[in-house]
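Trainee: Below: one structure in structure tokens.
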Amino acid sequence: MPPSVGAHALRDGGPAGPTTARRDGAPSRDERGGTRGPDDRVAPRADASARDADTLSSQVAVLALADLVPASRAWGWSRFVLGDHAVRGTSGLRFVKVLGSGEGGGFGVKPSTSIQGVFGVFDDDASADAFLAASGPFESWRRRAREHFSVKLRAWSSRGSWSGFRFAIGALAPSADAGVPVAALTRASIRPSRARAFWSMEPAAERDLERASGCLIAAGVGEAPLLRQATFSVWESVAAMDAYARTGAHLAAIRASAQGAFFSESAFVRFVPYDARGTWRGRRLDA
């Protein structure tokens, strides 16, 4: 079930802004992947958040991770080569990426031969549940994995885009002192000319994240080695997430990124996580 109405109130609809829905109400194809439907709204500003529960979207994001057994690694490689075509045609799917990971589920330059992820955005909870069900597409990864994890997500703050896709706001922002889990997605297309400078800072930020107080789960994923990378993390509260973001190596990396024009595209999204299943690196999320 989605988070309860209140601090995490969830209702159908989308945030204010120009729509890309066709007049007949059918979904239209996003020019860079995914589809847009009649309840989609594209934020007119660079960032978006909701102040009114009546403006919230029904869209649900899913992050699913799998650490494949050795005998299934060739199959996993074929999924990565197929990319989003491996799960295209899934009912209610608006946007999807099949992702690799750094060794050990981390963020370094050496790719993992066993860890994969799927990140998708769906019309609603029912579509997301169908994707994660025992008869759904993610079951192909789950039954080949020695460890797997999935979580459903509703965005409460979004800035930027991922392959042209902008996240609809589906939850009200939790208060900093609410003491409820929150999740963050940072995704970037790194300019080739700036890749060396970017990766010179990443190990320190990774070490800070792995030992940060209040970090419940963290995973480094990406569409392509070195140049198209993402970090997903779940925190025990907004306060814990903000404390990490505003201190240490991560803050230094943010400042350097702002000054160095490292990215040709970026997305920074905060979510309310719920309906977590499985474990990741031995950790279970109570959300």
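Chain labels run A, B, ... following the order of the structure tokens; each chain numbers its residues from 1, and ligands are numbered from 1 in the order shown.
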Which residues come within 10 Å of Arg146 in chain A, counting only C-alpha atoms, excluding same-chain residues fewer than 6 positions away, as a list in words?
Mentor: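 Listing them by chain and then by number gives Ala66, Asp67, Leu68, Val69, Pro70 and Ser114 of chain A.
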Trainee: Can I get the selection written as a PDB file, in the first residue's frame, with C-alpha atoms?
Mentor:
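Result file is part_1.pdb:
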ATOM      1  CA  ALA A  66      19.447  -8.225  -8.365  1.00  0.00           C
ATOM      2  CA  ASP A  67      22.782  -9.874  -7.640  1.00  0.00           C
ATOM      3  CA  LEU A  68      22.786 -12.728 -10.152  1.00  0.00           C
ATOM      4  CA  VAL A  69      24.215 -16.180  -9.462  1.00  0.00           C
ATOM      5  CA  PRO A  70      27.337 -17.010 -11.541  1.00  0.00           C
ATOM      6  CA  SER A 114      26.647  -9.864 -11.400  1.00  0.00           C
TER       7      SER A 114
END
Trainee: With a distance cut-off of 9 Å and only C-alpha atoms, select the neighbouring residues of Leu216 in chain A, excluding the residue or stretch itself and same-chain residues fewer than 4 positions from it, and output the selection as a ChimeraX atom specification.
Mentor: /A:181,233-236,283-285
Trainee: Which of these residues is nearest to Phe263 in chain A, using only C-alpha atoms: A:Phe198, A:Phe122, A:Phe149, A:Trp75?
Mentor: A:Phe198
Trainee: May I have the residues within 8 Å of Arg191 in chain A as a list in words, using only C-alpha atoms and disregarding those fewer than 4 positions away in the same chain?
Mentor: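 The neighbour list is Ala195, Leu227, Phe262, Phe263 and Ser264 of chain A.
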Trainee: How would the residues just picked look written out with N, CA, C and O atoms as a JSON list (two decimals), in the first residue's frame?
Mentor:
[["chain", "number", "residue", "atom", "x", "y", "z"],
["A", 195, "ALA", "N", 35.23, 13.75, -17.38],
["A", 195, "ALA", "CA", 35.11, 12.47, -16.68],
["A", 195, "ALA", "C", 36.26, 12.24, -15.70],
["A", 195, "ALA", "O", 36.05, 11.78, -14.57],
["A", 227, "LEU", "N", 30.35, 7.29, -17.81],
["A", 227, "LEU", "CA", 29.73, 8.51, -18.33],
["A", 227, "LEU", "C", 28.26, 8.70, -17.99],
["A", 227, "LEU", "O", 27.78, 9.83, -18.03],
["A", 262, "PHE", "N", 30.27, 19.62, -15.10],
["A", 262, "PHE", "CA", 30.57, 18.23, -15.38],
["A", 262, "PHE", "C", 29.51, 17.53, -16.21],
["A", 262, "PHE", "O", 29.79, 16.57, -16.91],
["A", 263, "PHE", "N", 28.25, 17.98, -16.11],
["A", 263, "PHE", "CA", 27.13, 17.20, -16.62],
["A", 263, "PHE", "C", 26.46, 17.85, -17.82],
["A", 263, "PHE", "O", 26.22, 19.05, -17.84],
["A", 264, "SER", "N", 26.13, 17.03, -18.82],
["A", 264, "SER", "CA", 25.31, 17.50, -19.93],
["A", 264, "SER", "C", 23.82, 17.37, -19.62],
["A", 264, "SER", "O", 22.99, 18.05, -20.22]]
Trainee: What are the nearest atom pairs, with distances in Å to one decimal, for all residues of range 78-174 of chain A that come at most 12 Å from range 237-244 of chain A, using only C-alpha atoms, set out by chain and rising residue number as JSON lines?
Mentor:
{"residue": "A:Trp156", "atom": "CA", "partner": "A:Val238", "partner_atom": "CA", "distance": 11.7}
{"residue": "A:Ala173", "atom": "CA", "partner": "A:Val238", "partner_atom": "CA", "distance": 9.3}
{"residue": "A:Pro174", "atom": "CA", "partner": "A:Val238", "partner_atom": "CA", "distance": 7.3}
Trainee: I need the helix (DSSP H, G or I) residues of range 163-239 of chain A per DSSP on the backbone, written as a PDB file with C-alpha atoms, in the first residue's frame.
Mentor:
ATOM      1  CA  PRO A 192      33.609  13.043 -21.587  1.00  0.00           C
ATOM      2  CA  SER A 193      35.999  15.980 -21.268  1.00  0.00           C
ATOM      3  CA  ARG A 194      35.219  16.193 -17.518  1.00  0.00           C
ATOM      4  CA  ALA A 195      35.106  12.474 -16.678  1.00  0.00           C
ATOM      5  CA  ARG A 196      38.625  12.298 -15.232  1.00  0.00           C
ATOM      6  CA  ALA A 197      38.003  15.247 -12.923  1.00  0.00           C
ATOM      7  CA  PHE A 198      34.633  13.852 -11.823  1.00  0.00           C
ATOM      8  CA  TRP A 199      35.962  10.397 -10.973  1.00  0.00           C
ATOM      9  CA  SER A 200      38.887  11.862  -9.051  1.00  0.00           C
ATOM     10  CA  MET A 201      36.345  13.042  -6.449  1.00  0.00           C
ATOM     11  CA  GLU A 202      33.981  10.055  -6.445  1.00  0.00           C
ATOM     12  CA  PRO A 203      35.873   7.600  -4.170  1.00  0.00           C
ATOM     13  CA  ALA A 204      35.837  10.027  -1.223  1.00  0.00           C
ATOM     14  CA  ALA A 205      32.117  10.739  -1.662  1.00  0.00           C
ATOM     15  CA  GLU A 206      31.432   6.982  -1.876  1.00  0.00           C
ATOM     16  CA  ARG A 207      33.266   6.279   1.362  1.00  0.00           C
ATOM     17  CA  ASP A 208      31.335   9.050   3.104  1.00  0.00           C
ATOM     18  CA  LEU A 209      28.015   7.645   1.863  1.00  0.00           C
ATOM     19  CA  GLU A 210      28.724   4.075   2.951  1.00  0.00           C
ATOM     20  CA  VAL A 238      15.059  13.965   5.821  1.00  0.00           C
ATOM     21  CA  ALA A 239      17.395  15.309   8.499  1.00  0.00           C
TER      22      ALA A 239
END
Trainee: From range 142-234 of chain A, collect each residue whose DSSP state is strand (DSSP E or B) and return the set as a ChimeraX atom specification.
Mentor: /A:145-160,162,165,182-190,215-224,228-234
Trainee: Need the shell around range 135-141 of chain A: protein/DNA/RNA residues with any atom at most 8 Å away, counting only C-alpha atoms. Skip same-chain ones fewer than 2 positions apart. Format as a list in words?
Mentor: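 In the requested form, the answer reads Ala64, Ala66, Leu68, Gly76, Val87, Thr90, Ala130, Phe131, Leu132, Ala133, Arg143, Arg144 and Ala145 of chain A.
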Trainee: List the spatial neighbours of Gly100 in chain A as a PyMOL selection string - criterion: any atom at most 12 Å away, only C-alpha atoms, same-chain residues fewer than 4 positions off excluded.
Mentor: chain A and resi 64-68+73+76-81+83+104-119+219-226+228-231
Trainee: Report, in Å with one decimal, the straight-line distance from CA of Ala171 in chain A to CA of Asp275 in chain A.
Mentor: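 Separation between CA of Ala171 in chain A and CA of Asp275 in chain A: 14.9 Å.
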Trainee: Can you pull out the residues contacting Phe271 in chain A? Cut-off 6 Å, using only C-alpha atoms, and skip same-chain residues under 6 positions away; I want them as JSON, numbers by chain.
Mentor: {"A": [153, 154, 155, 156, 182, 183]}
Trainee: Take the residues that were just selected and, keeping N, CA, C and O atoms, output them as an mmCIF file, in the first residue's frame.
Mentor:
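Wrote again.cif, looks like this:
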data_model
loop_
_atom_site.group_PDB
_atom_site.id
_atom_site.type_symbol
_atom_site.label_atom_id
_atom_site.label_comp_id
_atom_site.auth_asym_id
_atom_site.auth_seq_id
_atom_site.Cartn_x
_atom_site.Cartn_y
_atom_site.Cartn_z
ATOM 1 N N LEU A 153 8.302 3.929 -5.096
ATOM 2 C CA LEU A 153 8.704 5.291 -4.759
ATOM 3 C C LEU A 153 7.706 6.297 -5.315
ATOM 4 O O LEU A 153 7.244 6.158 -6.442
ATOM 5 N N ARG A 154 7.425 7.338 -4.542
ATOM 6 C CA ARG A 154 6.645 8.486 -5.014
ATOM 7 C C ARG A 154 7.493 9.754 -4.834
ATOM 8 O O ARG A 154 7.974 10.041 -3.736
ATOM 9 N N ALA A 155 7.702 10.477 -5.910
ATOM 10 C CA ALA A 155 8.559 11.666 -5.859
ATOM 11 C C ALA A 155 7.886 12.805 -5.102
ATOM 12 O O ALA A 155 6.712 13.089 -5.315
ATOM 13 N N TRP A 156 8.644 13.462 -4.221
ATOM 14 C CA TRP A 156 8.124 14.671 -3.563
ATOM 15 C C TRP A 156 8.935 15.917 -3.914
ATOM 16 O O TRP A 156 8.532 17.037 -3.605
ATOM 17 N N VAL A 182 13.189 8.275 3.744
ATOM 18 C CA VAL A 182 13.125 9.000 2.480
ATOM 19 C C VAL A 182 14.218 8.443 1.573
ATOM 20 O O VAL A 182 15.197 7.854 2.046
ATOM 21 N N ALA A 183 14.035 8.617 0.282
ATOM 22 C CA ALA A 183 14.997 8.104 -0.686
ATOM 23 C C ALA A 183 15.443 9.220 -1.617
ATOM 24 O O ALA A 183 14.719 10.199 -1.827
#
Trainee: Between A:Lys97, A:Thr55, A:Phe232, A:Ser72, which residue has the minimum interatomic distance to His85 in chain A, considering only C-alpha atoms?
Mentor: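 With only C-alpha atoms as the atom set, the closest residue is A:Lys97.
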Trainee: Kindly indicate which residue among A:Val272, A:Val98, A:Ala86, A:Leu56 lies nearest to Val180 in chain A, using only C-alpha atoms for the distances.
Mentor: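 Using only C-alpha atoms, the shortest distance to Val180 in chain A belongs to A:Val272.
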Trainee: For a test of reading the model, state the distance in Å between CA of Arg211 in chain A and CA of Ala184 in chain A, rounded to one decimal.
Mentor: 16.4 Å
Trainee: Enter the distance from CA of Trp162 in chain A to CA of Ala267 in chain A, in Å, rounded to one decimal.
Mentor: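 For CA of Trp162 in chain A relative to CA of Ala267 in chain A, the distance reads 5.9 Å.
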Trainee: Considering only C-alpha atoms, state which residue in the set A:Ala128, A:Ala134, A:Ile190, A:Leu82 is at the smallest distance from Val151 in chain A.
Mentor: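 Closest residue, counting only C-alpha atoms: A:Ala128.
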Trainee: I want to know what sits within 10 Å of Gly282 in chain A, based on only C-alpha atoms, with residues of the same chain fewer than 5 positions away left out; could you give that as a VMD selection string?
Mentor: chain A and resid 147 to 148 217
